[in-house]
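Student: Once you've had a glance at the structure underneath, I'll fire off some questions.
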Amino acid sequence: MKERVENLIKKAQEPGSMISSWEADFLESVQRQLATNRRGLTSKQIDVVHRVEAKVKKMANGDPSWEAQWTDEKARDFKTACDYYNGAPVRYYSHILDWAIANADKIPPANFYQKVVENKYAQKIINALKSEPKYPAGSVVMLRTGSRRGLSYMDYAKATGQALFVIEPTNRAVNAANGCRIYSLLSSVSADMFEVEERYIKKFKPSKTKKVNEDDDIPF
């Protein structure tokens with residue numbers, strides 16, 4: 001058992017290992033326990049070691065039935081979900097994301113795909129980015145009221161009230177919210193570029209200013 005645990009710990013230290021951080025910590029705890037020779041492992045501990053071994057073995061051998069179901073759409077969904085979680089403030093599923101980076105040309109295991117893609121947050125991102133952009137390239141937009149929440153103070157001060165040209169509706173999102181697609185925008189009055197979520201922009205409408213008649217009295 002000691003040698004088996006040591007082999008699993010080595011695999012956990014490999015780049016993009018499919019062994020989770022919790023499993024790696026558990027294996028190191030078991031290794032320390034075995035080194036003390038004070039007591040053997042419990043049946044539950046042995047069961048966890050077996051499950052980790054089985055997962056590693058299955059990954060090495062592949063899963064023909066799952067791989068036969070793999071499609072370009074699944075590949076896009078997996079990449080979209082990984083991009084979302086890689087850019088999130090908290091990097092959930094980090095061991096899966098690390099695996100995906102280290103194995104970009106491989107089909108992920110079914111359980112990796114299910115965890116990263118088939119949760120409600122990732123599904124919201126994926127469905128939003130599959131829909132047609134509300135503002136195609138070349139559209140003229142402006143910031144909505146409340147867009148300050150989605151921009152830095154400096155960018156908000158530069159962009160508010162201005163016409164903004166849509167350079168590209170990207171295939172990126174960082175928030176699982178309605179209108180989460182990120183747009184690349186260019187200011188109409190400078191060379192400043194901005195990245196703004198769809199929910200914070202709207203079709204540009206020039207402000208209405210009253211025309212001054214030459215005959216009108218101008219107050220001083």
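Just so we're on the same page: first chain in the structure tokens is A, next is B, and so on; residues restart at 1 for each chain, and ligands are numbered from 1 in the order they show up.
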Find the spatial neighbours of Ser29 in chain A, counting only C-alpha atoms, within a cut-off of 12 Å - ignore same-chain residues fewer than 4 positions away - and output them as a list of chain:residue names.
Tutor: A:Lys2, A:Val5, A:Glu6, A:Ile9, A:Trp22, A:Glu23, A:Ala24, A:Asp25, A:Gln33, A:Leu34, A:Ala35, A:Thr36, A:Leu41, A:Gln45, A:Val49
Student: Could you write out the selected residues, including N, CA and C atoms, as an mmCIF file, in the first residue's frame?
Tutor:
```
data_model
loop_
_atom_site.group_PDB
_atom_site.id
_atom_site.type_symbol
_atom_site.label_atom_id
_atom_site.label_comp_id
_atom_site.auth_asym_id
_atom_site.auth_seq_id
_atom_site.Cartn_x
_atom_site.Cartn_y
_atom_site.Cartn_z
ATOM 1 N N LYS A 2 1.959 1.237 0.777
ATOM 2 C CA LYS A 2 2.829 2.408 0.859
ATOM 3 C C LYS A 2 3.358 2.804 -0.512
ATOM 4 N N VAL A 5 0.570 4.327 -2.713
ATOM 5 C CA VAL A 5 0.273 5.705 -2.321
ATOM 6 C C VAL A 5 1.363 6.645 -2.830
ATOM 7 N N GLU A 6 2.616 6.246 -2.720
ATOM 8 C CA GLU A 6 3.725 7.078 -3.200
ATOM 9 C C GLU A 6 3.640 7.307 -4.707
ATOM 10 N N ILE A 9 0.976 9.892 -5.334
ATOM 11 C CA ILE A 9 1.445 11.238 -4.973
ATOM 12 C C ILE A 9 2.316 11.809 -6.088
ATOM 13 N N TRP A 22 -7.809 18.027 -3.041
ATOM 14 C CA TRP A 22 -8.276 17.305 -1.854
ATOM 15 C C TRP A 22 -7.709 15.899 -1.825
ATOM 16 N N GLU A 23 -7.733 15.230 -2.975
ATOM 17 C CA GLU A 23 -7.200 13.866 -3.053
ATOM 18 C C GLU A 23 -5.696 13.848 -2.798
ATOM 19 N N ALA A 24 -4.991 14.850 -3.329
ATOM 20 C CA ALA A 24 -3.541 14.925 -3.112
ATOM 21 C C ALA A 24 -3.233 15.115 -1.627
ATOM 22 N N ASP A 25 -3.991 15.993 -0.960
ATOM 23 C CA ASP A 25 -3.794 16.207 0.480
ATOM 24 C C ASP A 25 -4.106 14.924 1.256
ATOM 25 N N GLN A 33 0.760 8.762 7.698
ATOM 26 C CA GLN A 33 0.219 7.770 8.624
ATOM 27 C C GLN A 33 0.929 6.431 8.463
ATOM 28 N N LEU A 34 1.186 6.019 7.223
ATOM 29 C CA LEU A 34 1.864 4.752 6.980
ATOM 30 C C LEU A 34 3.313 4.793 7.458
ATOM 31 N N ALA A 35 3.922 5.989 7.384
ATOM 32 C CA ALA A 35 5.323 6.121 7.790
ATOM 33 C C ALA A 35 5.509 5.974 9.291
ATOM 34 N N THR A 36 4.471 6.273 10.058
ATOM 35 C CA THR A 36 4.590 6.188 11.520
ATOM 36 C C THR A 36 4.487 4.754 12.028
ATOM 37 N N LEU A 41 -4.404 1.493 7.840
ATOM 38 C CA LEU A 41 -5.441 2.352 7.288
ATOM 39 C C LEU A 41 -6.820 1.774 7.572
ATOM 40 N N GLN A 45 -10.361 4.708 4.287
ATOM 41 C CA GLN A 45 -9.149 5.261 3.683
ATOM 42 C C GLN A 45 -8.688 4.395 2.512
ATOM 43 N N VAL A 49 -8.260 5.408 -1.574
ATOM 44 C CA VAL A 49 -7.043 5.131 -2.349
ATOM 45 C C VAL A 49 -7.401 4.323 -3.593
#
```
Student: Separation of CA of Val48 in chain A and CA of Asp98 in chain A, in Å?
Tutor: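 Straight-line distance from CA of Val48 in chain A to CA of Asp98 in chain A works out to 22.3 Å.
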Student: DSSP on the backbone, strand (DSSP E or B) only: what residues of range 25-216 of chain A does that give? Format it as a ChimeraX atom specification.
Tutor: /A:140-143,164-169,182-187,193-197,201-203
Student: Take the selection from the previous step and output its residues with C-alpha atoms, as a PDB file, in the first residue's frame.
Tutor:
```pdb
ATOM      1  CA  VAL A 140     -22.979  52.550 -32.604  1.00  0.00           C
ATOM      2  CA  VAL A 141     -23.794  52.186 -28.919  1.00  0.00           C
ATOM      3  CA  MET A 142     -23.541  54.089 -25.664  1.00  0.00           C
ATOM      4  CA  LEU A 143     -23.296  53.228 -21.985  1.00  0.00           C
ATOM      5  CA  LEU A 164     -18.999  54.053 -29.030  1.00  0.00           C
ATOM      6  CA  PHE A 165     -18.293  51.915 -32.092  1.00  0.00           C
ATOM      7  CA  VAL A 166     -18.561  48.133 -31.777  1.00  0.00           C
ATOM      8  CA  ILE A 167     -15.278  46.685 -33.029  1.00  0.00           C
ATOM      9  CA  GLU A 168     -16.109  43.124 -32.060  1.00  0.00           C
ATOM     10  CA  PRO A 169     -18.712  41.226 -30.038  1.00  0.00           C
ATOM     11  CA  ILE A 182     -18.087  41.203 -23.636  1.00  0.00           C
ATOM     12  CA  TYR A 183     -17.869  43.766 -26.451  1.00  0.00           C
ATOM     13  CA  SER A 184     -14.741  45.496 -27.711  1.00  0.00           C
ATOM     14  CA  LEU A 185     -15.630  49.170 -28.239  1.00  0.00           C
ATOM     15  CA  LEU A 186     -13.860  52.217 -29.683  1.00  0.00           C
ATOM     16  CA  SER A 187     -14.551  55.761 -28.551  1.00  0.00           C
ATOM     17  CA  MET A 193     -10.733  51.176 -26.444  1.00  0.00           C
ATOM     18  CA  PHE A 194     -13.087  49.650 -23.900  1.00  0.00           C
ATOM     19  CA  GLU A 195     -14.326  46.185 -23.018  1.00  0.00           C
ATOM     20  CA  VAL A 196     -17.924  46.322 -21.800  1.00  0.00           C
ATOM     21  CA  GLU A 197     -20.569  43.672 -21.125  1.00  0.00           C
ATOM     22  CA  ILE A 201     -24.634  49.203 -23.402  1.00  0.00           C
ATOM     23  CA  LYS A 202     -27.569  50.262 -25.591  1.00  0.00           C
ATOM     24  CA  LYS A 203     -28.158  51.675 -29.058  1.00  0.00           C
TER      25      LYS A 203
END
```
Student: Just the residues within 12 Å of Asp83 in chain A, please, counting only C-alpha atoms, with nothing from its chain fewer than 5 positions along; format it as a list in words.
Tutor: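 In the requested format, the answer is Arg76, Asp77, Phe78, Ala88, Arg91, Tyr92, Tyr93, Ser94, Ile96, Leu97, Asp98, Ala100, Ile101, Val116, Val117, Ala122, Ile125, Ile126, Asn171, Arg172, Ala173, Val174 and Asn175 of chain A.
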Student: Print the selection's residues with N, CA and C atoms to a file, as an mmCIF file, in the first residue's frame.
Tutor:
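Result file is out.cif:
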```
data_model
loop_
_atom_site.group_PDB
_atom_site.id
_atom_site.type_symbol
_atom_site.label_atom_id
_atom_site.label_comp_id
_atom_site.auth_asym_id
_atom_site.auth_seq_id
_atom_site.Cartn_x
_atom_site.Cartn_y
_atom_site.Cartn_z
ATOM 1 N N ARG A 76 -16.227 22.998 -27.944
ATOM 2 C CA ARG A 76 -16.416 24.444 -27.781
ATOM 3 C C ARG A 76 -16.992 24.768 -26.413
ATOM 4 N N ASP A 77 -17.968 23.975 -25.989
ATOM 5 C CA ASP A 77 -18.593 24.217 -24.680
ATOM 6 C C ASP A 77 -17.574 24.041 -23.554
ATOM 7 N N PHE A 78 -16.741 23.025 -23.658
ATOM 8 C CA PHE A 78 -15.726 22.783 -22.631
ATOM 9 C C PHE A 78 -14.733 23.940 -22.585
ATOM 10 N N ALA A 88 -12.504 33.828 -13.671
ATOM 11 C CA ALA A 88 -13.336 34.168 -12.515
ATOM 12 C C ALA A 88 -12.477 34.604 -11.328
ATOM 13 N N ARG A 91 -11.051 30.661 -8.728
ATOM 14 C CA ARG A 91 -10.796 29.673 -9.796
ATOM 15 C C ARG A 91 -11.301 28.290 -9.348
ATOM 16 N N TYR A 92 -12.614 28.111 -9.491
ATOM 17 C CA TYR A 92 -13.191 26.817 -9.156
ATOM 18 C C TYR A 92 -12.707 25.745 -10.141
ATOM 19 N N TYR A 93 -12.755 24.478 -9.710
ATOM 20 C CA TYR A 93 -12.327 23.342 -10.541
ATOM 21 C C TYR A 93 -10.889 23.506 -11.028
ATOM 22 N N SER A 94 -10.014 24.019 -10.175
ATOM 23 C CA SER A 94 -8.652 24.350 -10.610
ATOM 24 C C SER A 94 -7.901 23.145 -11.159
ATOM 25 N N ILE A 96 -9.117 20.627 -12.767
ATOM 26 C CA ILE A 96 -9.628 20.348 -14.118
ATOM 27 C C ILE A 96 -9.102 21.388 -15.102
ATOM 28 N N LEU A 97 -9.072 22.647 -14.685
ATOM 29 C CA LEU A 97 -8.568 23.711 -15.550
ATOM 30 C C LEU A 97 -7.083 23.497 -15.849
ATOM 31 N N ASP A 98 -6.323 23.088 -14.846
ATOM 32 C CA ASP A 98 -4.897 22.808 -15.055
ATOM 33 C C ASP A 98 -4.715 21.634 -16.010
ATOM 34 N N ALA A 100 -6.807 20.762 -18.374
ATOM 35 C CA ALA A 100 -7.186 21.218 -19.717
ATOM 36 C C ALA A 100 -6.058 22.009 -20.377
ATOM 37 N N ILE A 101 -5.355 22.820 -19.602
ATOM 38 C CA ILE A 101 -4.235 23.601 -20.139
ATOM 39 C C ILE A 101 -3.097 22.684 -20.565
ATOM 40 N N VAL A 116 -17.551 20.841 -15.120
ATOM 41 C CA VAL A 116 -17.233 22.192 -15.587
ATOM 42 C C VAL A 116 -18.321 22.769 -16.475
ATOM 43 N N VAL A 117 -18.945 21.932 -17.299
ATOM 44 C CA VAL A 117 -19.880 22.421 -18.321
ATOM 45 C C VAL A 117 -21.337 22.365 -17.869
ATOM 46 N N ALA A 122 -22.087 27.819 -15.765
ATOM 47 C CA ALA A 122 -21.440 27.627 -17.063
ATOM 48 C C ALA A 122 -22.480 27.570 -18.178
ATOM 49 N N ILE A 125 -23.477 31.022 -19.300
ATOM 50 C CA ILE A 125 -22.433 31.615 -20.141
ATOM 51 C C ILE A 125 -22.467 31.014 -21.537
ATOM 52 N N ILE A 126 -22.501 29.689 -21.617
ATOM 53 C CA ILE A 126 -22.464 28.991 -22.904
ATOM 54 C C ILE A 126 -23.661 29.380 -23.770
ATOM 55 N N ASN A 171 -16.372 36.402 -27.919
ATOM 56 C CA ASN A 171 -16.936 35.157 -27.397
ATOM 57 C C ASN A 171 -16.422 34.903 -25.982
ATOM 58 N N ARG A 172 -16.355 35.974 -25.192
ATOM 59 C CA ARG A 172 -15.886 35.881 -23.813
ATOM 60 C C ARG A 172 -16.935 36.440 -22.865
ATOM 61 N N ALA A 173 -16.915 35.924 -21.645
ATOM 62 C CA ALA A 173 -17.798 36.416 -20.584
ATOM 63 C C ALA A 173 -17.145 36.105 -19.249
ATOM 64 N N VAL A 174 -17.400 36.949 -18.267
ATOM 65 C CA VAL A 174 -16.809 36.740 -16.941
ATOM 66 C C VAL A 174 -17.863 36.693 -15.840
ATOM 67 N N ASN A 175 -19.116 36.973 -16.187
ATOM 68 C CA ASN A 175 -20.199 36.953 -15.199
ATOM 69 C C ASN A 175 -21.370 36.140 -15.735
#
```
Student: Grab the CA of Ser17 in chain A to CA of Lys124 in chain A distance for me, in Å with one decimal place.
Tutor: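 CA of Lys124 in chain A lies 27.8 Å from CA of Ser17 in chain A.
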Student: I need the residue nearest Thr170 in chain A from this list: A:Tyr135, A:Tyr200, A:Phe112, A:Tyr153. Use only C-alpha atoms for the distance.
Tutor: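 Closest candidate: A:Tyr135.
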Student: Using DSSP on the backbone coordinates, identify all residues within range 21-185 of chain A classified as alpha helix (DSSP H); present the result as a ChimeraX atom specification.
Tutor: /A:21-36,43-61,64-68,72-86,94-102,110-117,120-130,153-159
Student: Which residues are near Arg4 in chain A? Cut-off 10 Å, only C-alpha atoms, ignore same chain within fewer than 3 positions. Put them as a ChimeraX atom specification.
Tutor: /A:1,7-9,31,49-50,53
Student: One decimal, Å: what's the distance from CA of Arg181 in chain A over to CA of Thr71 in chain A, could you say?
Tutor: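 Going from CA of Arg181 in chain A over to CA of Thr71 in chain A, I get 23.7 Å.
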Student: For Gly146 in chain A, which of A:Arg199, A:Glu118, A:Gln69, A:Asp47 is the closest residue, counting only C-alpha atoms?
Tutor: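 Among the listed residues, A:Arg199 lies closest to Gly146 in chain A.
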Student: Given the choices A:Tyr113, A:Trp99, A:Tyr121, A:Tyr156, which gets closest to Gln13 in chain A if the distance is worked out from only C-alpha atoms?
Tutor: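 Checking each candidate against Gln13 in chain A, we get A:Trp99 as the closest.
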Student: Using only C-alpha atoms, what does the table of range 109-218 of chain A residues within 12 Å of range 61-64 of chain A look like, with each row giving the shortest atom pair and its distance in Å to one decimal, sorted by chain and ascending number, as CSV?
Tutor:
```
residue,atom,partner,partner_atom,distance
A:Pro109,CA,A:Asp63,CA,7.6
A:Ala110,CA,A:Asp63,CA,8.4
A:Asn111,CA,A:Asp63,CA,11.2
```
Student: Could you tell me which of A:Tyr85, A:Cys180, A:Asp192, A:Leu27 comes closest to Met154 in chain A if we count only C-alpha atoms?
Tutor: A:Asp192
Student: Could you check which of A:Gln162, A:Arg148, A:Ser21, A:Lys79 is closest to Asp105 in chain A, using only C-alpha atoms?
Tutor: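 With only C-alpha atoms as the atom set, the closest residue is A:Lys79.
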Student: Tell me which of A:Ala157, A:Val52, A:Lys58, A:Cys82 sits closest to Gln114 in chain A, counting only C-alpha atoms.
Tutor: A:Cys82
